[in-house]
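Data block for work37.txt (compact mmCIF, C-alpha atoms):
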# COMPACT_ATOMS: atom_id res chain seq x y z
CA MET K 1 137.41 102.21 109.99
CA LYS K 2 139.14 100.00 107.41
CA ILE K 3 135.99 97.90 107.22
CA LEU K 4 133.92 101.01 106.62
CA VAL K 5 136.19 102.16 103.81
CA PHE K 6 136.21 98.67 102.27
CA LEU K 7 132.40 98.51 102.27
CA LEU K 8 132.19 102.00 100.85
CA LEU K 9 134.53 101.03 98.01
CA CYS K 10 132.43 97.91 97.34
CA LEU K 11 129.35 100.12 97.23
CA VAL K 12 130.89 102.57 94.76
CA PHE K 13 132.30 99.76 92.59
CA ALA K 14 129.04 97.85 92.55
CA SER K 15 127.04 100.95 91.67
CA GLY K 16 129.33 101.51 88.70
CA ILE K 17 128.62 98.12 87.18
CA ALA K 18 124.92 98.25 87.95
CA GLN K 19 123.75 100.70 85.31
CA GLU K 20 121.63 99.01 82.70
CA LYS K 21 118.80 99.30 80.25
CA ASP K 22 116.95 102.36 79.24
CA GLU K 23 113.23 102.04 79.92
CA ARG K 24 111.55 105.06 81.41
CA GLU K 25 108.55 107.27 81.86
CA GLN K 26 109.30 110.98 82.02
CA ARG K 27 106.98 113.78 83.09
CA ILE K 28 107.12 116.58 80.52
CA LYS K 29 105.65 120.06 80.16
CA GLU K 30 102.80 120.84 77.81
CA THR K 31 105.20 122.91 75.70
CA GLU K 32 107.25 119.78 74.99
CA VAL K 33 104.25 117.91 73.57
CA PRO K 34 103.71 118.06 69.77
CA ALA K 35 101.13 120.71 68.87
CA SER K 36 99.02 118.18 66.94
CA ILE K 37 98.44 116.22 70.19
CA ILE K 38 97.44 119.33 72.14
CA GLU K 39 95.07 120.23 69.31
CA VAL K 40 93.32 116.87 69.46
CA LEU K 41 93.03 116.93 73.25
CA GLU K 42 92.02 120.56 73.72
CA PRO K 43 88.24 120.25 73.17
CA PHE K 44 88.10 117.44 75.75
CA THR K 45 90.41 118.80 78.43
CA LYS K 46 89.29 122.43 78.83
CA ASP K 47 89.66 123.48 82.49
CA LEU K 48 91.14 120.09 83.37
CA LYS K 49 94.54 119.44 84.87
CA VAL K 50 96.48 117.31 82.38
CA LYS K 51 99.73 115.49 83.08
CA TYR K 52 101.95 114.75 80.10
CA ILE K 53 104.38 111.85 80.07
CA PHE K 54 106.92 110.72 77.52
CA GLU K 55 107.34 106.98 77.68
CA ARG K 56 110.15 104.98 76.15
CA ASP K 57 109.95 101.19 76.20
CA GLY K 58 112.72 99.57 74.18
CA GLU K 59 112.29 100.90 70.65
CA HIS K 60 108.74 102.12 71.19
CA SER K 61 108.21 105.69 72.36
CA SER K 62 104.95 107.45 73.03
CA TYR K 63 103.31 110.50 74.56
CA GLU K 64 100.70 109.98 77.23
CA ALA K 65 98.18 112.47 78.56
CA LYS K 66 96.55 111.70 81.91
CA PHE K 67 93.56 113.56 83.27
CA ARG K 68 90.43 113.13 85.36
CA SER K 69 87.05 113.89 83.83
CA LYS K 70 83.57 113.17 85.21
CA SER K 71 85.20 111.33 88.15
CA ARG K 72 87.01 108.95 85.83
CA PHE K 73 90.75 108.66 85.15
CA PHE K 74 91.77 108.83 81.48
CA SER K 75 95.06 107.92 79.89
CA VAL K 76 95.41 108.87 76.23
CA GLU K 77 98.38 107.50 74.33
CA PHE K 78 99.87 108.87 71.09
CA ASP K 79 102.85 107.76 69.02
CA THR K 80 105.73 110.16 68.42
CA LEU K 81 104.11 111.39 65.20
CA GLY K 82 101.06 112.47 67.16
CA THR K 83 98.78 109.64 66.01
CA LEU K 84 96.34 108.44 68.64
CA GLU K 85 96.99 104.85 69.75
CA ASP K 86 94.38 104.27 72.43
CA VAL K 87 92.37 105.74 75.30
CA GLU K 88 92.26 103.89 78.62
CA ILE K 89 89.81 104.54 81.44
CA ASP K 90 90.13 103.13 84.96
CA LEU K 91 87.02 101.41 86.20
CA LYS K 92 85.94 99.00 88.88
CA TYR K 93 86.00 95.39 87.76
CA LYS K 94 82.75 94.67 89.56
CA SER K 95 81.01 97.29 87.41
CA LEU K 96 81.47 95.14 84.27
CA ASP K 97 78.55 93.20 82.80
CA LYS K 98 77.94 89.83 84.40
CA GLU K 99 78.35 87.98 81.09
CA LEU K 100 81.67 89.70 80.39
CA LYS K 101 82.95 88.93 83.90
CA ASN K 102 81.95 85.28 83.51
CA GLN K 103 84.00 85.01 80.32
CA ILE K 104 87.04 86.67 81.90
CA GLU K 105 86.84 84.64 85.10
CA ASP K 106 86.42 81.46 83.08
CA TYR K 107 89.76 82.21 81.41
CA LEU K 108 91.40 83.06 84.75
CA ARG K 109 90.15 79.86 86.40
CA LYS K 110 91.46 77.73 83.52
CA SER K 111 94.83 79.51 83.48
CA SER K 112 95.60 79.57 87.18
CA THR K 113 94.93 77.94 90.52
CA ALA K 114 94.29 81.29 92.20
CA TYR K 115 93.98 84.86 90.99
CA LYS K 116 93.33 88.37 92.23
CA ILE K 117 92.30 91.24 89.96
CA LEU K 118 94.18 94.40 90.93
CA ARG K 119 93.20 96.89 88.24
CA CYS K 120 90.76 97.12 85.38
CA GLN K 121 90.80 99.52 82.45
CA ARG K 122 88.50 99.93 79.48
CA GLN K 123 90.54 100.49 76.35
CA TYR K 124 89.29 102.28 73.25
CA ALA K 125 91.76 101.36 70.53
CA HIS K 126 92.06 103.90 67.74
CA VAL K 127 91.79 101.76 64.63
CA SER K 128 90.87 104.30 61.95
CA GLY K 129 89.13 107.61 61.33
CA GLU K 130 89.41 110.83 63.30
CA ALA K 131 91.23 110.72 66.64
CA SER K 132 88.63 113.06 68.11
CA GLN K 133 85.91 110.51 67.33
CA THR K 134 87.67 107.81 69.37
CA LEU K 135 88.20 110.30 72.20
CA LYS K 136 84.53 111.26 72.08
CA HIS K 137 83.49 107.60 72.31
CA ALA K 138 85.73 107.17 75.35
CA ILE K 139 84.65 110.36 77.13
CA ASN K 140 80.98 109.56 76.55
CA ASN K 141 81.50 105.96 77.61
CA GLU K 142 79.98 104.65 74.37
CA SER K 143 79.86 100.90 74.20
CA HIS K 144 79.35 100.43 70.45
CA ALA K 145 82.95 101.50 69.74
CA PRO K 146 85.77 98.91 69.55
CA ILE K 147 86.51 98.19 73.20
CA ASN K 148 89.02 95.99 74.95
CA TYR K 149 89.55 95.43 78.65
CA GLU K 150 93.00 95.50 80.23
CA LEU K 151 93.39 93.81 83.60
CA GLU K 152 96.30 93.62 86.00
CA VAL K 153 96.04 90.29 87.75
CA ASP K 154 98.04 88.34 90.33
CA MET K 155 98.02 84.69 89.28
CA THR K 156 99.27 81.48 90.81
CA VAL K 157 100.32 79.16 88.00
CA GLU K 158 101.68 75.74 89.01
CA LYS K 159 102.73 77.14 92.42
CA ALA K 160 104.56 80.06 90.80
CA LEU K 161 103.38 83.57 91.67
CA HIS K 162 103.21 85.95 88.71
CA SER K 163 101.49 89.21 87.87
CA TYR K 164 100.15 89.76 84.34
CA GLU K 165 98.62 92.46 82.24
CA LEU K 166 95.83 90.66 80.37
CA LEU K 167 93.88 91.98 77.40
CA PHE K 168 90.33 90.82 76.62
CA ASP K 169 87.96 91.96 73.90
CA HIS K 170 84.48 93.41 74.52
CA ILE K 171 82.91 89.99 75.06
CA GLY K 172 85.71 88.70 77.29
CA THR K 173 87.70 86.70 74.76
CA PHE K 174 91.34 86.54 75.75
CA ILE K 175 93.66 88.43 73.36
CA SER K 176 97.11 88.64 74.93
CA LYS K 177 99.09 88.76 78.15
CA ARG K 178 102.26 90.44 79.34
CA LEU K 179 104.29 89.60 82.43
CA ILE K 180 104.55 92.43 84.94
CA ILE K 181 107.84 92.73 86.79
CA ASN K 182 106.93 93.94 90.27
CA ARG K 183 109.35 96.21 92.10
CA ALA K 184 111.61 94.36 94.52
CA THR K 185 110.37 94.61 98.11
CA ASP K 186 113.77 94.10 99.75
CA ASN K 187 113.92 97.68 101.06
CA LEU K 188 110.50 97.31 102.68
CA LEU K 189 110.92 93.87 104.21
CA TYR K 190 114.58 93.50 105.29
CA MET W 1 93.71 104.68 105.43
CA ARG W 2 96.56 106.79 104.03
CA ARG W 3 95.59 109.70 106.30
CA VAL W 4 95.64 107.44 109.36
CA ILE W 5 99.09 106.10 108.45
CA SER W 6 100.41 109.63 107.79
CA ALA W 7 99.07 110.79 111.15
CA ILE W 8 100.73 107.88 112.98
CA LEU W 9 104.07 108.59 111.30
CA ALA W 10 103.81 112.33 112.02
CA LEU W 11 103.01 111.71 115.68
CA SER W 12 105.91 109.32 115.98
CA ALA W 13 108.24 111.89 114.45
CA LEU W 14 107.09 114.57 116.88
CA ASN W 15 107.57 112.15 119.73
CA SER W 16 111.14 111.43 118.63
CA PHE W 17 112.15 115.06 118.37
CA ALA W 18 110.37 116.11 121.55
CA GLN W 19 112.35 113.77 123.77
CA THR W 20 115.14 115.07 125.91
CA GLY W 21 118.34 113.12 126.39
CA GLU W 22 121.69 112.62 124.76
CA LEU W 23 122.15 112.57 121.03
CA GLU W 24 124.46 110.20 119.23
CA ALA W 25 125.06 109.77 115.51
CA HIS W 26 126.07 106.71 113.54
CA TRP W 27 126.72 105.88 109.92
CA GLU W 28 125.59 102.52 108.63
CA ILE W 29 126.46 100.96 105.28
CA ALA W 30 124.59 97.88 104.08
CA LEU W 31 125.00 95.70 101.04
CA PRO W 32 121.89 93.49 100.70
CA VAL W 33 121.86 90.94 97.87
CA SER W 34 118.66 89.03 97.05
CA TYR W 35 118.38 85.94 94.87
CA THR W 36 115.66 83.43 94.06
CA ILE W 37 116.28 79.73 94.61
CA SER W 38 112.87 78.37 93.62
CA GLU W 39 109.42 79.59 92.57
CA ARG W 40 108.49 80.54 96.12
CA TRP W 41 111.79 80.76 98.00
CA LYS W 42 114.05 83.75 98.00
CA MET W 43 117.32 84.32 99.85
CA ASN W 44 118.89 87.56 100.99
CA THR W 45 122.42 88.04 102.22
CA THR W 46 123.29 91.36 103.81
CA VAL W 47 126.64 92.65 105.01
CA THR W 48 126.42 95.69 107.26
CA SER W 49 128.95 97.95 108.92
CA ARG W 50 128.16 100.71 111.42
CA THR W 51 130.37 103.39 112.91
CA GLY W 52 129.46 105.97 115.53
CA PHE W 53 130.92 109.42 114.95
CA TYR W 54 129.22 111.91 117.30
CA ARG W 55 128.20 112.15 120.97
CA GLN W 56 126.45 115.19 122.35
CA GLU W 57 128.25 115.00 125.69
CA GLN W 58 131.57 115.16 123.85
CA ALA W 59 130.44 117.75 121.34
CA ALA W 60 133.10 120.16 122.51
CA ASP W 61 135.69 117.67 121.33
CA ASN W 62 136.30 116.70 117.77
CA LEU W 63 134.17 114.09 116.11
CA GLU W 64 135.23 110.70 117.33
CA LEU W 65 134.74 107.16 116.07
CA PHE W 66 133.55 105.35 119.16
CA VAL W 67 131.52 102.29 118.22
CA ASN W 68 131.48 100.00 115.27
CA PHE W 69 130.32 96.60 114.26
CA LEU W 70 130.35 94.33 111.29
CA GLU W 71 127.51 91.92 110.72
CA VAL W 72 126.39 89.31 108.22
CA THR W 73 122.72 88.35 107.92
CA GLN W 74 121.17 85.54 105.98
CA TYR W 75 117.42 85.51 105.33
CA ALA W 76 115.30 82.80 103.71
CA THR W 77 111.88 84.01 102.57
CA TYR W 78 108.88 81.96 101.50
CA ARG W 79 106.25 83.80 99.48
CA GLU W 80 102.92 82.57 100.74
CA THR W 81 100.98 84.79 98.33
CA HIS W 82 101.84 87.81 96.17
CA ASP W 83 101.53 90.03 99.23
CA ILE W 84 102.43 87.86 102.20
CA SER W 85 105.87 86.43 102.91
CA LEU W 86 107.35 84.43 105.77
CA THR W 87 111.02 84.83 106.62
CA VAL W 88 113.54 83.19 108.91
CA GLY W 89 116.98 84.67 109.40
CA TYR W 90 120.27 84.40 111.23
CA ARG W 91 122.64 87.26 112.02
CA TYR W 92 126.21 87.20 113.26
CA ARG W 93 127.44 90.53 114.60
CA SER W 94 130.96 91.31 115.67
CA ILE W 95 131.00 94.43 117.88
CA ASN W 96 134.29 96.33 117.77
CA PRO W 97 135.78 93.59 115.58
CA THR W 98 139.25 95.09 115.55
CA GLU W 99 139.53 95.17 119.36
CA SER W 100 140.42 92.22 121.56
CA SER W 101 137.55 93.12 123.91
CA GLY W 102 135.07 92.91 121.04
CA GLU W 103 131.72 91.25 121.71
CA ARG W 104 129.89 88.79 119.54
CA GLU W 105 126.20 88.47 118.93
CA HIS W 106 124.06 85.78 117.34
CA ARG W 107 120.51 86.55 116.41
CA LEU W 108 117.66 84.35 115.18
CA MET W 109 114.77 86.04 113.42
CA GLN W 110 111.27 85.06 112.31
CA GLN W 111 109.08 87.53 110.47
CA ILE W 112 105.91 87.97 108.50
CA GLY W 113 105.85 90.63 105.80
CA ILE W 114 102.65 91.99 104.28
CA ILE W 115 102.36 94.31 101.30
CA HIS W 116 99.13 96.26 101.83
CA LEU W 117 99.28 98.42 98.73
CA ARG W 118 101.41 97.99 95.65
CA SER W 119 101.34 100.69 93.04
CA PRO W 120 102.44 103.44 92.74
CA THR W 121 102.67 103.97 96.54
CA ARG W 122 103.61 100.79 98.34
CA ILE W 123 102.75 100.25 101.97
CA ALA W 124 104.18 97.30 103.85
CA SER W 125 104.13 95.87 107.35
CA ARG W 126 106.81 93.76 108.97
CA LEU W 127 106.29 91.91 112.23
CA ARG W 128 109.48 90.31 113.48
CA ILE W 129 110.41 88.21 116.50
CA GLU W 130 114.07 87.91 117.45
CA GLN W 131 116.16 85.94 119.91
CA ARG W 132 119.39 87.83 120.59
CA PHE W 133 122.34 85.99 122.11
CA ARG W 134 125.22 88.20 123.28
CA THR W 135 128.35 87.23 125.16
CA ASP W 136 126.81 88.31 128.48
CA ASP W 137 123.06 88.27 127.96
CA PHE W 138 120.09 86.93 126.10
CA ALA W 139 117.05 88.95 125.01
CA HIS W 140 113.77 88.48 123.20
CA ARG W 141 112.68 91.24 120.85
CA ILE W 142 109.39 91.92 119.11
CA ARG W 143 109.31 94.61 116.47
CA TYR W 144 106.73 96.02 114.09
CA ARG W 145 107.56 98.27 111.17
CA LEU W 146 105.21 100.12 108.85
CA SER W 147 106.88 101.50 105.75
CA ALA W 148 105.92 103.16 102.50
CA ASP W 149 107.75 104.12 99.35
CA ARG W 150 106.74 105.89 96.16
CA PRO W 151 108.41 106.94 92.90
CA LEU W 152 109.01 110.68 92.88
CA GLN W 153 108.20 110.91 89.19
CA GLY W 154 105.25 109.18 87.57
CA GLU W 155 103.61 105.95 88.61
CA LYS W 156 106.42 103.56 87.72
CA LEU W 157 109.92 103.46 89.12
CA ASP W 158 112.17 103.45 86.09
CA VAL W 159 115.91 103.14 85.87
CA ARG W 160 117.76 106.18 87.24
CA GLU W 161 114.62 107.55 88.87
CA PHE W 162 114.30 108.55 92.51
CA TYR W 163 111.84 107.31 95.09
CA GLY W 164 111.00 108.45 98.60
CA ILE W 165 110.72 106.11 101.55
CA ILE W 166 109.39 106.56 105.07
CA SER W 167 108.99 104.12 107.92
CA ASN W 168 108.32 103.81 111.60
CA GLU W 169 109.21 100.86 113.79
CA LEU W 170 108.52 99.96 117.38
CA VAL W 171 111.01 97.59 119.00
CA SER W 172 110.32 95.95 122.35
CA GLN W 173 113.02 94.07 124.21
CA PHE W 174 112.55 91.82 127.22
CA GLY W 175 114.18 88.94 129.06
CA ASN W 176 115.59 87.92 132.45
CA GLU W 177 119.04 89.35 131.74
CA VAL W 178 118.05 92.68 130.13
CA ASP W 179 115.88 95.69 130.97
CA THR W 180 112.50 95.75 129.31
CA THR W 181 112.42 98.65 126.86
CA LEU W 182 110.31 100.05 124.05
CA GLU W 183 112.17 101.84 121.28
CA ASN W 184 110.82 103.95 118.42
CA ARG W 185 112.64 104.25 115.11
CA ILE W 186 111.46 106.69 112.49
CA SER W 187 113.15 106.98 109.10
CA VAL W 188 112.87 109.22 106.08
CA GLY W 189 114.94 108.59 103.01
CA ILE W 190 115.46 108.74 99.30
CA GLY W 191 116.54 106.09 96.86
CA ASN W 192 117.56 105.78 93.25
CA LYS W 193 117.07 102.82 90.96
CA TRP W 194 120.52 102.47 89.41
CA GLY W 195 119.75 99.55 87.16
CA GLN W 196 117.01 97.03 86.50
CA SER W 197 118.16 95.04 89.52
CA SER W 198 119.86 97.50 91.82
CA LYS W 199 119.11 100.58 93.83
CA ILE W 200 120.86 102.83 96.29
CA GLN W 201 119.02 104.17 99.31
CA ILE W 202 119.97 106.80 101.89
CA GLU W 203 117.90 107.28 105.02
CA GLY W 204 118.05 109.38 108.13
CA GLN W 205 116.75 107.53 111.15
CA ILE W 206 116.02 108.76 114.67
CA ARG W 207 116.00 106.04 117.31
CA SER W 208 114.47 106.94 120.65
CA ASP W 209 115.31 104.11 122.98
CA ASP W 210 113.22 103.44 126.04
CA ILE W 211 110.45 105.85 125.06
CA LEU W 212 108.49 104.95 128.20
CA ASP W 213 111.30 106.25 130.44
CA THR W 214 114.19 108.63 129.61
CA PRO W 215 115.11 108.10 126.01
CA VAL W 216 118.44 108.65 124.34
CA ASN W 217 117.99 109.87 120.79
CA THR W 218 120.37 108.35 118.29
CA PHE W 219 120.67 109.51 114.72
CA TYR W 220 121.60 107.02 112.03
CA LEU W 221 122.64 107.85 108.52
CA MET W 222 121.87 104.64 106.68
CA THR W 223 123.15 103.92 103.21
CA GLY W 224 122.29 100.73 101.38
CA LEU W 225 123.05 99.35 97.97
CA TYR W 226 120.46 96.73 97.08
CA PHE W 227 121.08 94.07 94.48
CA ASN W 228 118.60 91.62 93.05
CA LEU W 229 120.25 88.77 91.15
CA ASP W 230 117.03 87.28 89.64

As structure tokens, the full file:
Amino acid sequence: MKILVFLLLCLVFASGIAQEKDEREQRIKETEVPASIIEVLEPFTKDLKVKYIFERDGEHSSYEAKFRSKSRFFSVEFDTLGTLEDVEIDLKYKSLDKELKNQIEDYLRKSSTAYKILRCQRQYAHVSGEASQTLKHAINNESHAPINYELEVDMTVEKALHSYELLFDHIGTFISKRLIINRATDNLLY
Amino acid sequence: MRRVISAILALSALNSFAQTGELEAHWEIALPVSYTISERWKMNTTVTSRTGFYRQEQAADNLELFVNFLEVTQYATYRETHDISLTVGYRYRSINPTESSGEREHRLMQQIGIIHLRSPTRIASRLRIEQRFRTDDFAHRIRYRLSADRPLQGEKLDVREFYGIISNELVSQFGNEVDTTLENRISVGIGNKWGQSSKIQIEGQIRSDDILDTPVNTFYLMTGLYFNLD
């Protein structure tokens, strides 16, 4: 029994010192979303189920609207002032043009000894003009608009195993990468 | 695939609850700490304590503490790929450590872990082989566990958010000095990510030992505080 109490105390003590950093994604109601965002989205999301999320990452906060339209998943991100940042659409990597895939895979081969593409998104960045115009380009899958591709990729780099979020432009030129911290698997494996 | 897995877990749960036999209840507390020692190697040290507090046959009496053990486990894991890992482990268990009649157990473990699906729902398999040395007997064990967890809010598990976890494990024991048995363990639980590198998890587990004969159902309340020192 003493052992049990000792372990319990350790558990409580350790949990007290474990609280850290504030990075989170929070599901919110439509009524909590700025009216200007709802106004922009409304013509495109009639009769659709929309999930709203407030995301805080360090000093950057944003509103995200997620919905499914024409069998495609959309994620529309706005800053806290209601300005559109980008629209992302999930798509299958193999559906990309051959030339584009060659460029991307050329980068991946040069940057790693092995790789596996887990997720692919087409990103319509809102650079200027009306937000509704960028949304329209994305919904209609228009390819003349400024497009980037965001990939989540497992990579083996000098024996190290890392996962990255990679950004490429519309012709497959590498733009940037961000390390993904995968959730610990200790509760699934031990 | 998800429907098949759900059906298997549901059937296992029904099987557990449908069995007749005695019911026992235990409370287990675990403190697993993981740390990386090189690009591919990871270590995990876990201290666990378990205490029994209920027996159906003595239900008329007050709750009684009747079994306990303290164990220390050391795992060394090699990540073969992002989704496949190979682990060897050693466990020392002291059964009834405060009593002079207490037993000791040494256990060697070899396992392969596979992550089938990563985000937001994660599905993982664990196939483990064990050699269990007790004071009076020796047993081989083969066990397979299928588990899944998922954040309860959104696609990412952020700090101070909850996740759900479910698993089912089959454990077979055999050897010259022990009876051959097949045990089923089904768990349902909830966890909370306390910090960037820690989480607390509480699970209820039903163990139906010897499911091919007359099983005894044992309930385990399992609490774990996981730390990752990377």

For this session: List the residues sitting within 12 Å of (111.8, 102.4, 122.1) in the file's frame, using only C-alpha atoms, as a PyMOL selection string.
Result: chain W and resi 12+15-16+19+141-144+168-174+179-186+206-218

Exercise. Got a sec: who's within 7 Å of segment 164-168 of chain K, counting all atoms listed in the file, leaving out chain neighbours fewer than 5 positions off, as a list in words?
Worked result: Asn148, Tyr149, Glu150, Leu151, Glu152, Val153, Asp154, Thr173, Phe174, Ile175, Ser176, Lys177, Arg178, Leu179 and Ile180 of chain K

For this session: Identify every residue of chain W that has at least one atom within 7 Å of any atom of chain K, counting all atoms listed in the file, and report the result as an MDAnalysis selection string.
Result: chainID W and resid 39:40 49 82 113 124 126 147 153:154 158:159 194:196 198 225

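We find atom CA of Leu81 of chain K and atom CA of Ser132 of chain K to be spaced 15.8 Å apart.
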
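Neighbouring residues of Pro120 of chain W at 10 Å or closer, counting all atoms listed in the file and skipping chain neighbours under 6 positions away, are W:Asp149, W:Arg150, W:Pro151, W:Leu152, W:Gly154, W:Glu155, W:Lys156, W:Leu157.
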
Next, dump the selected residues to file, keeping only C-alpha atoms, as a CSV table (one decimal), in the coordinates of the input.
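Everything below was put into part_38.csv:
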chain,number,residue,atom,x,y,z
W,149,ASP,CA,107.8,104.1,99.4
W,150,ARG,CA,106.7,105.9,96.2
W,151,PRO,CA,108.4,106.9,92.9
W,152,LEU,CA,109.0,110.7,92.9
W,154,GLY,CA,105.2,109.2,87.6
W,155,GLU,CA,103.6,106.0,88.6
W,156,LYS,CA,106.4,103.6,87.7
W,157,LEU,CA,109.9,103.5,89.1

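Put simply, atom CA of Tyr220 of chain W is 27.4 Å away from atom CA of Tyr35 of chain W.
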
Exercise. What separation in Å, quoted to one decimal, exists between atom CA of Asn176 of chain W and atom CA of Gln110 of chain W?
Worked result: 20.8 Å

Problem set entry | Distance query Ile190 of chain W at most 7 Å, only C-alpha atoms, self and fewer than 3 positions along chain excluded, as a VMD selection string | chain W and resid 162 to 165 201 to 203

Residues near Gln74 of chain W, cut-off 7 Å, all atoms listed in the file, skip fewer than 3 positions along chain, as a PDB file with C-alpha atoms, in the frame of the given file:
ATOM      1  CA  ASN W  44     118.890  87.560 100.990  1.00  0.00           C
ATOM      2  CA  THR W  45     122.420  88.040 102.220  1.00  0.00           C
ATOM      3  CA  THR W  46     123.290  91.360 103.810  1.00  0.00           C
ATOM      4  CA  GLY W  89     116.980  84.670 109.400  1.00  0.00           C
ATOM      5  CA  TYR W  90     120.270  84.400 111.230  1.00  0.00           C
ATOM      6  CA  ARG W  91     122.640  87.260 112.020  1.00  0.00           C
TER       7      ARG W  91
END

Problem set entry | Given all atoms listed in the file as the counted atoms, nearest of K:Thr83, K:Leu108, K:Asp57, K:Lys136 to Ala35 of chain K | K:Thr83

For this session: Using all atoms listed in the file, determine which residues lie at most 9 Å from Asn96 of chain W, disregarding the query and same-chain residues fewer than 4 positions distant; provide the list as a ChimeraX atom specification.
Result: /W:67-70,100-104

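Checking W:Arg128, W:Glu71, W:Ile112, W:Ala25 one by one against Pro97 of chain W, counting only C-alpha atoms, you find the shortest gap at W:Glu71.
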
Exercise. Pick from K:Val157, K:Val87, K:Leu48, K:Leu41: nearest to Ala145 of chain K, with only C-alpha atoms counted?
Worked result: K:Val87
